[in-house]
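Peer 1: Sharing a structure below in structure tokens format, with a few things to ask.
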Amino acid sequence: MVSNITFSNLQQILIRAPLCYYYSSQKSACLQEISSSYLHRLGPGQLPFEHSITNHDSTSFIPCMLIPHGAYCDSGPLYAHGYYWINSFVFDTALIIGTNHGGMGSSNVSLSPDNWQTPLGVMEIDTDLFNTLISVLGIQTIDREAHRTEHSIENQLPFLKHLRPKAKFVALSFSRLNDLNQGYKVCEQITKAINLYRQQTGINHNSKRLVIISTTDYTHYGPSYGQIRAENLSENEEHARIHDKPIIQSILSNDPERLLQTQWTTQNSMCGLWPSLIVMILSKILNNNQGHWKLLCYNVSSEVMNSGKDVCGFASLVYSNTL
């Protein structure tokens with residue numbers, strides 16, 4: 001059932017302050033980190049503004065990405081690959097799906113009702129999309145606390161603000177759901193809300209164009225992650241690659257059940273399992289299964305910046321309607 005609850009009759013919009021744990025809080029330094037990520041030897045090799053928009057009139061296909069949320073210093077080039085790819089689409093709004101690392105807040109599905117400050121300026125909430133989401137998901141999903149100290153969505157915003165200064169967004173965070181059936185139910189609700197959003201915003205003009213950005217990191221391995229005897233960097237890198245390969249393959253198969261089973265079997269320490277499952281399901285439902293997942297890049301953190309014996313696996317994957 002869709003209720004008539006709207007943002008305007010709930011509460012005022014506040015501005016969430018940035019944590020800046022994983023990138024610089026200063027505008028000039030943050031811009032340099034972003035530019036360096038694009039130009040890095042493991043990045044796309046050029047800035048996205050040099051990449052022409054090729055899908056400029058596509059309003060039916062909703063592109064999706066699954067990209068890192070690590071520090072820019074050791075995963076920035078992998079963010080850059082994703083945002084370089086998404087630059088080929090015109091879009092007005094991004095639905096950003098993140099993980100709730102600390103389990104903060106009162107709901108396992110949590111929407112932020114606020115604008116978010118970044119070093120590059122304020123990212124504004126798309127109140128139209130927010131309203132339709134809460135009308136379907138319910139007001140219990142509005143939860144500032146779930147987002148207050150969480151970095152997975154925040155880390156996307158400087159890249160997004162740099163790429164599309166006027167774009168808006170909605171932040172949707174997931175902690176552990178009960179099972180995959182609940183995941184499918186939530187995705188059906190999100191799909192219902194997005195379809196309603198596109199209908200409502202397209203009454204007097206073309207409907208707003210949407211992209212979905214979801215985020216996960218993969219294997220975390222080394223002394224700082226509890227493997228105190230893992231002192232050989234090359235062995236730690238290989239450990240990450242071996243354990244991440246079946247996870248990546250599961251995502252590329254676009255089979256959520258396979259991903260869930262693979263993660264359970266391997267106990268892969270990915271910190272975005274549910275955002276991964278949710279975007280896999282949404283990509284198929286929203287696009288009538290008219291696309292496929294593609295791996296843009298995979299690296300371990302030490303390949304980007306060697307800073308000891310610890311490693312984390314990072315990847316950028318996209319749901320594309322082209323080969």
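Letters A, B, ... mark the chains of the structure tokens in the order given; residue numbers begin at 1 per chain; ligand numbers begin at 1, in order shown.
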Could you give me, as JSON lines, a per-residue list for segment 69-132 of chain A showing, wherever an atom lies at most 8 Å from an atom of segment 155-177 of chain A, the closest pair of atoms and their distance in Å to one decimal, using only C-alpha atoms and sorting by chain then residue number from low to high?
Peer 2:
{"residue": "A:His69", "atom": "CA", "partner": "A:Asn155", "partner_atom": "CA", "distance": 5.9}
{"residue": "A:Gly70", "atom": "CA", "partner": "A:Asn155", "partner_atom": "CA", "distance": 7.7}
{"residue": "A:Tyr79", "atom": "CA", "partner": "A:Phe159", "partner_atom": "CA", "distance": 7.9}
{"residue": "A:Ala80", "atom": "CA", "partner": "A:Phe159", "partner_atom": "CA", "distance": 7.8}
{"residue": "A:Tyr83", "atom": "CA", "partner": "A:Phe159", "partner_atom": "CA", "distance": 7.2}
{"residue": "A:Asn87", "atom": "CA", "partner": "A:Leu163", "partner_atom": "CA", "distance": 7.4}
{"residue": "A:Phe91", "atom": "CA", "partner": "A:Ala167", "partner_atom": "CA", "distance": 7.4}
{"residue": "A:Asp92", "atom": "CA", "partner": "A:Ala167", "partner_atom": "CA", "distance": 5.1}
{"residue": "A:Thr93", "atom": "CA", "partner": "A:Lys168", "partner_atom": "CA", "distance": 4.7}
{"residue": "A:Ala94", "atom": "CA", "partner": "A:Phe169", "partner_atom": "CA", "distance": 4.6}
{"residue": "A:Leu95", "atom": "CA", "partner": "A:Val170", "partner_atom": "CA", "distance": 5.0}
{"residue": "A:Ile96", "atom": "CA", "partner": "A:Ala171", "partner_atom": "CA", "distance": 5.1}
{"residue": "A:Ile97", "atom": "CA", "partner": "A:Leu172", "partner_atom": "CA", "distance": 4.9}
{"residue": "A:Gly98", "atom": "CA", "partner": "A:Ser173", "partner_atom": "CA", "distance": 4.7}
{"residue": "A:Thr99", "atom": "CA", "partner": "A:Phe174", "partner_atom": "CA", "distance": 5.0}
{"residue": "A:Asn100", "atom": "CA", "partner": "A:Ser175", "partner_atom": "CA", "distance": 5.0}
{"residue": "A:His101", "atom": "CA", "partner": "A:Ser175", "partner_atom": "CA", "distance": 7.3}
{"residue": "A:Gly103", "atom": "CA", "partner": "A:Ser175", "partner_atom": "CA", "distance": 6.1}
{"residue": "A:Asn108", "atom": "CA", "partner": "A:Ser175", "partner_atom": "CA", "distance": 4.8}
{"residue": "A:Val109", "atom": "CA", "partner": "A:Phe174", "partner_atom": "CA", "distance": 4.9}
{"residue": "A:Ser110", "atom": "CA", "partner": "A:Ser173", "partner_atom": "CA", "distance": 5.0}
{"residue": "A:Leu111", "atom": "CA", "partner": "A:Leu172", "partner_atom": "CA", "distance": 4.7}
{"residue": "A:Ser112", "atom": "CA", "partner": "A:Ala171", "partner_atom": "CA", "distance": 5.5}
{"residue": "A:Thr118", "atom": "CA", "partner": "A:Pro158", "partner_atom": "CA", "distance": 6.3}
{"residue": "A:Pro119", "atom": "CA", "partner": "A:Pro158", "partner_atom": "CA", "distance": 7.1}
{"residue": "A:Leu120", "atom": "CA", "partner": "A:Pro158", "partner_atom": "CA", "distance": 6.4}
{"residue": "A:Gly121", "atom": "CA", "partner": "A:Lys161", "partner_atom": "CA", "distance": 7.7}
{"residue": "A:Met123", "atom": "CA", "partner": "A:Lys168", "partner_atom": "CA", "distance": 6.3}
{"residue": "A:Glu124", "atom": "CA", "partner": "A:Lys168", "partner_atom": "CA", "distance": 5.2}
{"residue": "A:Ile125", "atom": "CA", "partner": "A:Phe169", "partner_atom": "CA", "distance": 5.0}
{"residue": "A:Asp126", "atom": "CA", "partner": "A:Lys168", "partner_atom": "CA", "distance": 5.3}
{"residue": "A:Leu129", "atom": "CA", "partner": "A:Val170", "partner_atom": "CA", "distance": 7.2}
{"residue": "A:Phe130", "atom": "CA", "partner": "A:Val170", "partner_atom": "CA", "distance": 6.4}
Peer 1: Let's have the selection written as an mmCIF file, in the first residue's frame, with N, CA and C atoms.
Peer 2:
data_model
loop_
_atom_site.group_PDB
_atom_site.id
_atom_site.type_symbol
_atom_site.label_atom_id
_atom_site.label_comp_id
_atom_site.auth_asym_id
_atom_site.auth_seq_id
_atom_site.Cartn_x
_atom_site.Cartn_y
_atom_site.Cartn_z
ATOM 1 N N HIS A 69 34.111 1.647 -1.155
ATOM 2 C CA HIS A 69 33.930 2.761 -0.232
ATOM 3 C C HIS A 69 35.152 2.925 0.673
ATOM 4 N N GLY A 70 36.307 2.442 0.200
ATOM 5 C CA GLY A 70 37.533 2.562 0.972
ATOM 6 C C GLY A 70 38.146 3.948 0.874
ATOM 7 N N TYR A 79 37.220 3.662 -7.662
ATOM 8 C CA TYR A 79 36.060 4.564 -7.722
ATOM 9 C C TYR A 79 36.030 5.220 -9.104
ATOM 10 N N ALA A 80 37.200 5.731 -9.512
ATOM 11 C CA ALA A 80 37.289 6.527 -10.735
ATOM 12 C C ALA A 80 36.806 5.748 -11.956
ATOM 13 N N TYR A 83 32.938 5.910 -11.867
ATOM 14 C CA TYR A 83 32.379 7.222 -12.198
ATOM 15 C C TYR A 83 32.713 7.642 -13.628
ATOM 16 N N ASN A 87 29.620 8.396 -16.373
ATOM 17 C CA ASN A 87 29.600 9.686 -17.058
ATOM 18 C C ASN A 87 29.029 9.578 -18.473
ATOM 19 N N PHE A 91 22.053 11.900 -16.102
ATOM 20 C CA PHE A 91 21.188 11.566 -14.974
ATOM 21 C C PHE A 91 21.001 12.784 -14.084
ATOM 22 N N ASP A 92 19.873 12.790 -13.398
ATOM 23 C CA ASP A 92 19.510 13.880 -12.507
ATOM 24 C C ASP A 92 19.718 13.521 -11.043
ATOM 25 N N THR A 93 19.567 12.232 -10.739
ATOM 26 C CA THR A 93 19.546 11.777 -9.346
ATOM 27 C C THR A 93 20.255 10.437 -9.225
ATOM 28 N N ALA A 94 20.908 10.251 -8.091
ATOM 29 C CA ALA A 94 21.527 8.965 -7.762
ATOM 30 C C ALA A 94 20.903 8.419 -6.485
ATOM 31 N N LEU A 95 20.421 7.196 -6.555
ATOM 32 C CA LEU A 95 20.060 6.461 -5.350
ATOM 33 C C LEU A 95 21.327 5.733 -4.905
ATOM 34 N N ILE A 96 21.849 6.103 -3.742
ATOM 35 C CA ILE A 96 23.109 5.532 -3.272
ATOM 36 C C ILE A 96 22.810 4.561 -2.135
ATOM 37 N N ILE A 97 23.224 3.319 -2.334
ATOM 38 C CA ILE A 97 22.947 2.242 -1.389
ATOM 39 C C ILE A 97 24.241 1.870 -0.678
ATOM 40 N N GLY A 98 24.250 2.023 0.632
ATOM 41 C CA GLY A 98 25.446 1.743 1.409
ATOM 42 C C GLY A 98 25.202 0.712 2.480
ATOM 43 N N THR A 99 26.285 0.353 3.152
ATOM 44 C CA THR A 99 26.199 -0.606 4.244
ATOM 45 C C THR A 99 26.252 0.133 5.573
ATOM 46 N N ASN A 100 25.668 -0.451 6.572
ATOM 47 C CA ASN A 100 25.662 0.103 7.924
ATOM 48 C C ASN A 100 26.658 -0.699 8.757
ATOM 49 N N HIS A 101 27.926 -0.288 8.700
ATOM 50 C CA HIS A 101 28.989 -1.060 9.346
ATOM 51 C C HIS A 101 28.739 -1.294 10.829
ATOM 52 N N GLY A 103 25.855 -0.956 12.541
ATOM 53 C CA GLY A 103 24.510 -1.329 12.966
ATOM 54 C C GLY A 103 23.795 -0.239 13.737
ATOM 55 N N ASN A 108 16.882 -1.866 9.905
ATOM 56 C CA ASN A 108 17.905 -2.459 9.033
ATOM 57 C C ASN A 108 17.826 -1.927 7.610
ATOM 58 N N VAL A 109 16.829 -1.090 7.324
ATOM 59 C CA VAL A 109 16.721 -0.360 6.060
ATOM 60 C C VAL A 109 16.493 1.094 6.429
ATOM 61 N N SER A 110 17.465 1.964 6.129
ATOM 62 C CA SER A 110 17.448 3.314 6.693
ATOM 63 C C SER A 110 17.658 4.379 5.627
ATOM 64 N N LEU A 111 16.721 5.326 5.565
ATOM 65 C CA LEU A 111 16.804 6.464 4.661
ATOM 66 C C LEU A 111 17.244 7.710 5.412
ATOM 67 N N SER A 112 18.129 8.472 4.793
ATOM 68 C CA SER A 112 18.527 9.763 5.366
ATOM 69 C C SER A 112 17.602 10.850 4.830
ATOM 70 N N THR A 118 29.715 18.232 1.654
ATOM 71 C CA THR A 118 30.974 17.643 1.190
ATOM 72 C C THR A 118 32.001 18.765 1.067
ATOM 73 N N PRO A 119 33.280 18.443 0.931
ATOM 74 C CA PRO A 119 34.272 19.505 0.709
ATOM 75 C C PRO A 119 34.025 20.295 -0.569
ATOM 76 N N LEU A 120 33.255 19.725 -1.504
ATOM 77 C CA LEU A 120 32.990 20.388 -2.781
ATOM 78 C C LEU A 120 31.647 21.116 -2.793
ATOM 79 N N GLY A 121 30.967 21.137 -1.677
ATOM 80 C CA GLY A 121 29.669 21.781 -1.589
ATOM 81 C C GLY A 121 28.607 20.825 -1.079
ATOM 82 N N MET A 123 25.495 18.371 -1.187
ATOM 83 C CA MET A 123 24.717 17.471 -2.035
ATOM 84 C C MET A 123 23.280 17.497 -1.529
ATOM 85 N N GLU A 124 22.357 17.895 -2.396
ATOM 86 C CA GLU A 124 20.965 18.037 -1.995
ATOM 87 C C GLU A 124 20.192 16.736 -2.180
ATOM 88 N N ILE A 125 19.300 16.483 -1.245
ATOM 89 C CA ILE A 125 18.422 15.325 -1.337
ATOM 90 C C ILE A 125 17.384 15.563 -2.420
ATOM 91 N N ASP A 126 17.038 14.522 -3.154
ATOM 92 C CA ASP A 126 15.931 14.575 -4.110
ATOM 93 C C ASP A 126 14.664 14.252 -3.316
ATOM 94 N N LEU A 129 12.090 11.707 -4.889
ATOM 95 C CA LEU A 129 12.426 10.293 -4.733
ATOM 96 C C LEU A 129 12.294 9.864 -3.280
ATOM 97 N N PHE A 130 12.754 10.700 -2.376
ATOM 98 C CA PHE A 130 12.644 10.384 -0.948
ATOM 99 C C PHE A 130 11.179 10.174 -0.562
#
Peer 1: Quick one: pick out all strand (DSSP E) residues within segment 140-319 of chain A from a backbone DSSP run and write them as a PyMOL selection string.
Peer 2: chain A and resi 168-174+210-215+220-221+292-300+311-319
Peer 1: Hey, which of A:Val279, A:Glu231, A:Trp116, A:Pro246 ends up closest to Thr265 of chain A? Count only C-alpha atoms.
Peer 2: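 Using only C-alpha atoms, the shortest distance to Thr265 of chain A belongs to A:Pro246.
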Peer 1: Might you pull out every residue within 12 Å of Leu47 of chain A, with only C-alpha atoms counted and same-chain residues fewer than 2 positions away left off, and present them as a list in words?
Peer 2: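 The filter keeps Leu31, Gln32, Ile34, Ser35, Ser36, Ser37, Tyr38, Leu39, His40, Gly43, Pro44, Gly45, Phe49, Glu50, His51, Ser52, Pro77, Ala80, His81, Tyr83, Tyr84, Trp85, Asn87, Phe159, His162 and Leu163 of chain A.
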Peer 1: Quick one: of A:Thr266, A:Ser135, A:Asn289, A:Ser25, who's nearest to Ile62 of chain A, counting only C-alpha atoms?
Peer 2: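 Residue with the minimum atom-to-atom distance to Ile62 of chain A: A:Asn289.
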Peer 1: State, in Å with one decimal place, the distance from atom CA of Glu257 of chain A to atom CA of Met280 of chain A.
Peer 2: 10.4 Å
Peer 1: Rank A:Gly291, A:Cys271, A:Gln12, A:Gln261 by their smallest atom-to-atom distance to Asp179 of chain A, using only C-alpha atoms, and report the top residue only.
Peer 2: A:Gln261
Peer 1: With only C-alpha atoms as the atoms that count, which of A:His239, A:Lys185, A:Lys294, A:Arg148 lies nearest to Ser316 of chain A?
Peer 2: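 Under the stated criterion, the closest residue is A:Lys294.
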Peer 1: Counting only C-alpha atoms, figure out which residue out of A:Asp255, A:Asp244, A:Glu154, A:Glu188 gets nearest to Ser214 of chain A.
Peer 2: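 Answer, going by the shortest atom-to-atom distance: A:Glu154.
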Peer 1: If you count only C-alpha atoms, which residues fall within 12 Å of segment 320-323 of chain A, apart from same-chain ones fewer than 5 positions away, as an MDAnalysis selection string?
Peer 2: chainID A and resid 54:55 58 60:66 82 85:86 88:89 211:212 252 254 283:284 287:296
Peer 1: Given the choices A:Gly202, A:Gly313, A:Gly183, A:Pro68, which gets closest to Leu282 of chain A if the distance is worked out from only C-alpha atoms?
Peer 2: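 So, comparing all the options, the nearest one is A:Gly183.
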Peer 1: What does the distance between atom CA of His243 of chain A and atom CA of Tyr72 of chain A come to in Å, to one decimal place?
Peer 2: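 According to the coordinates, atom CA of His243 of chain A and atom CA of Tyr72 of chain A are separated by 22.9 Å.
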Peer 1: Can you list, as a PyMOL selection string, every protein, DNA or RNA residue that comes within 7 Å of Gly272 of chain A when you count only C-alpha atoms, leaving out same-chain residues fewer than 3 positions away?
Peer 2: chain A and resi 99+215-217+275-276
Peer 1: Interatomic distance between atom CA of Asn306 of chain A and atom CA of Gly222 of chain A?
Peer 2: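 Value for the atom CA of Asn306 of chain A-atom CA of Gly222 of chain A distance: 12.9 Å.
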Peer 1: Which neighbours of Thr149 of chain A fall inside 9 Å, counting only C-alpha atoms, when residues of the same chain fewer than 2 positions from it are skipped, and could you give them as a list in words?
Peer 2: Pro18, Leu19, Gly102, Met104, Glu145, Ala146, His147 and His151 of chain A
Peer 1: Could you write those residues out with C-alpha atoms, as a compact mmCIF listing (two decimals), in the first residue's frame?
Peer 2:
# COMPACT_ATOMS: atom_id res chain seq x y z
CA PRO A 18 30.93 15.05 6.69
CA LEU A 19 33.26 12.68 8.53
CA GLY A 102 28.17 -0.33 12.98
CA MET A 104 23.53 2.12 14.18
CA GLU A 145 21.36 7.95 13.37
CA ALA A 146 22.06 5.11 10.93
CA HIS A 147 23.90 7.59 8.67
CA HIS A 151 31.15 6.39 5.67
Peer 1: Report the residues of segment 118-184 of chain A whose backbone DSSP state falls under helix (DSSP H, G or I), written as a ChimeraX atom specification.
Peer 2: /A:127-137,139-141,145-148,154-163,180-184
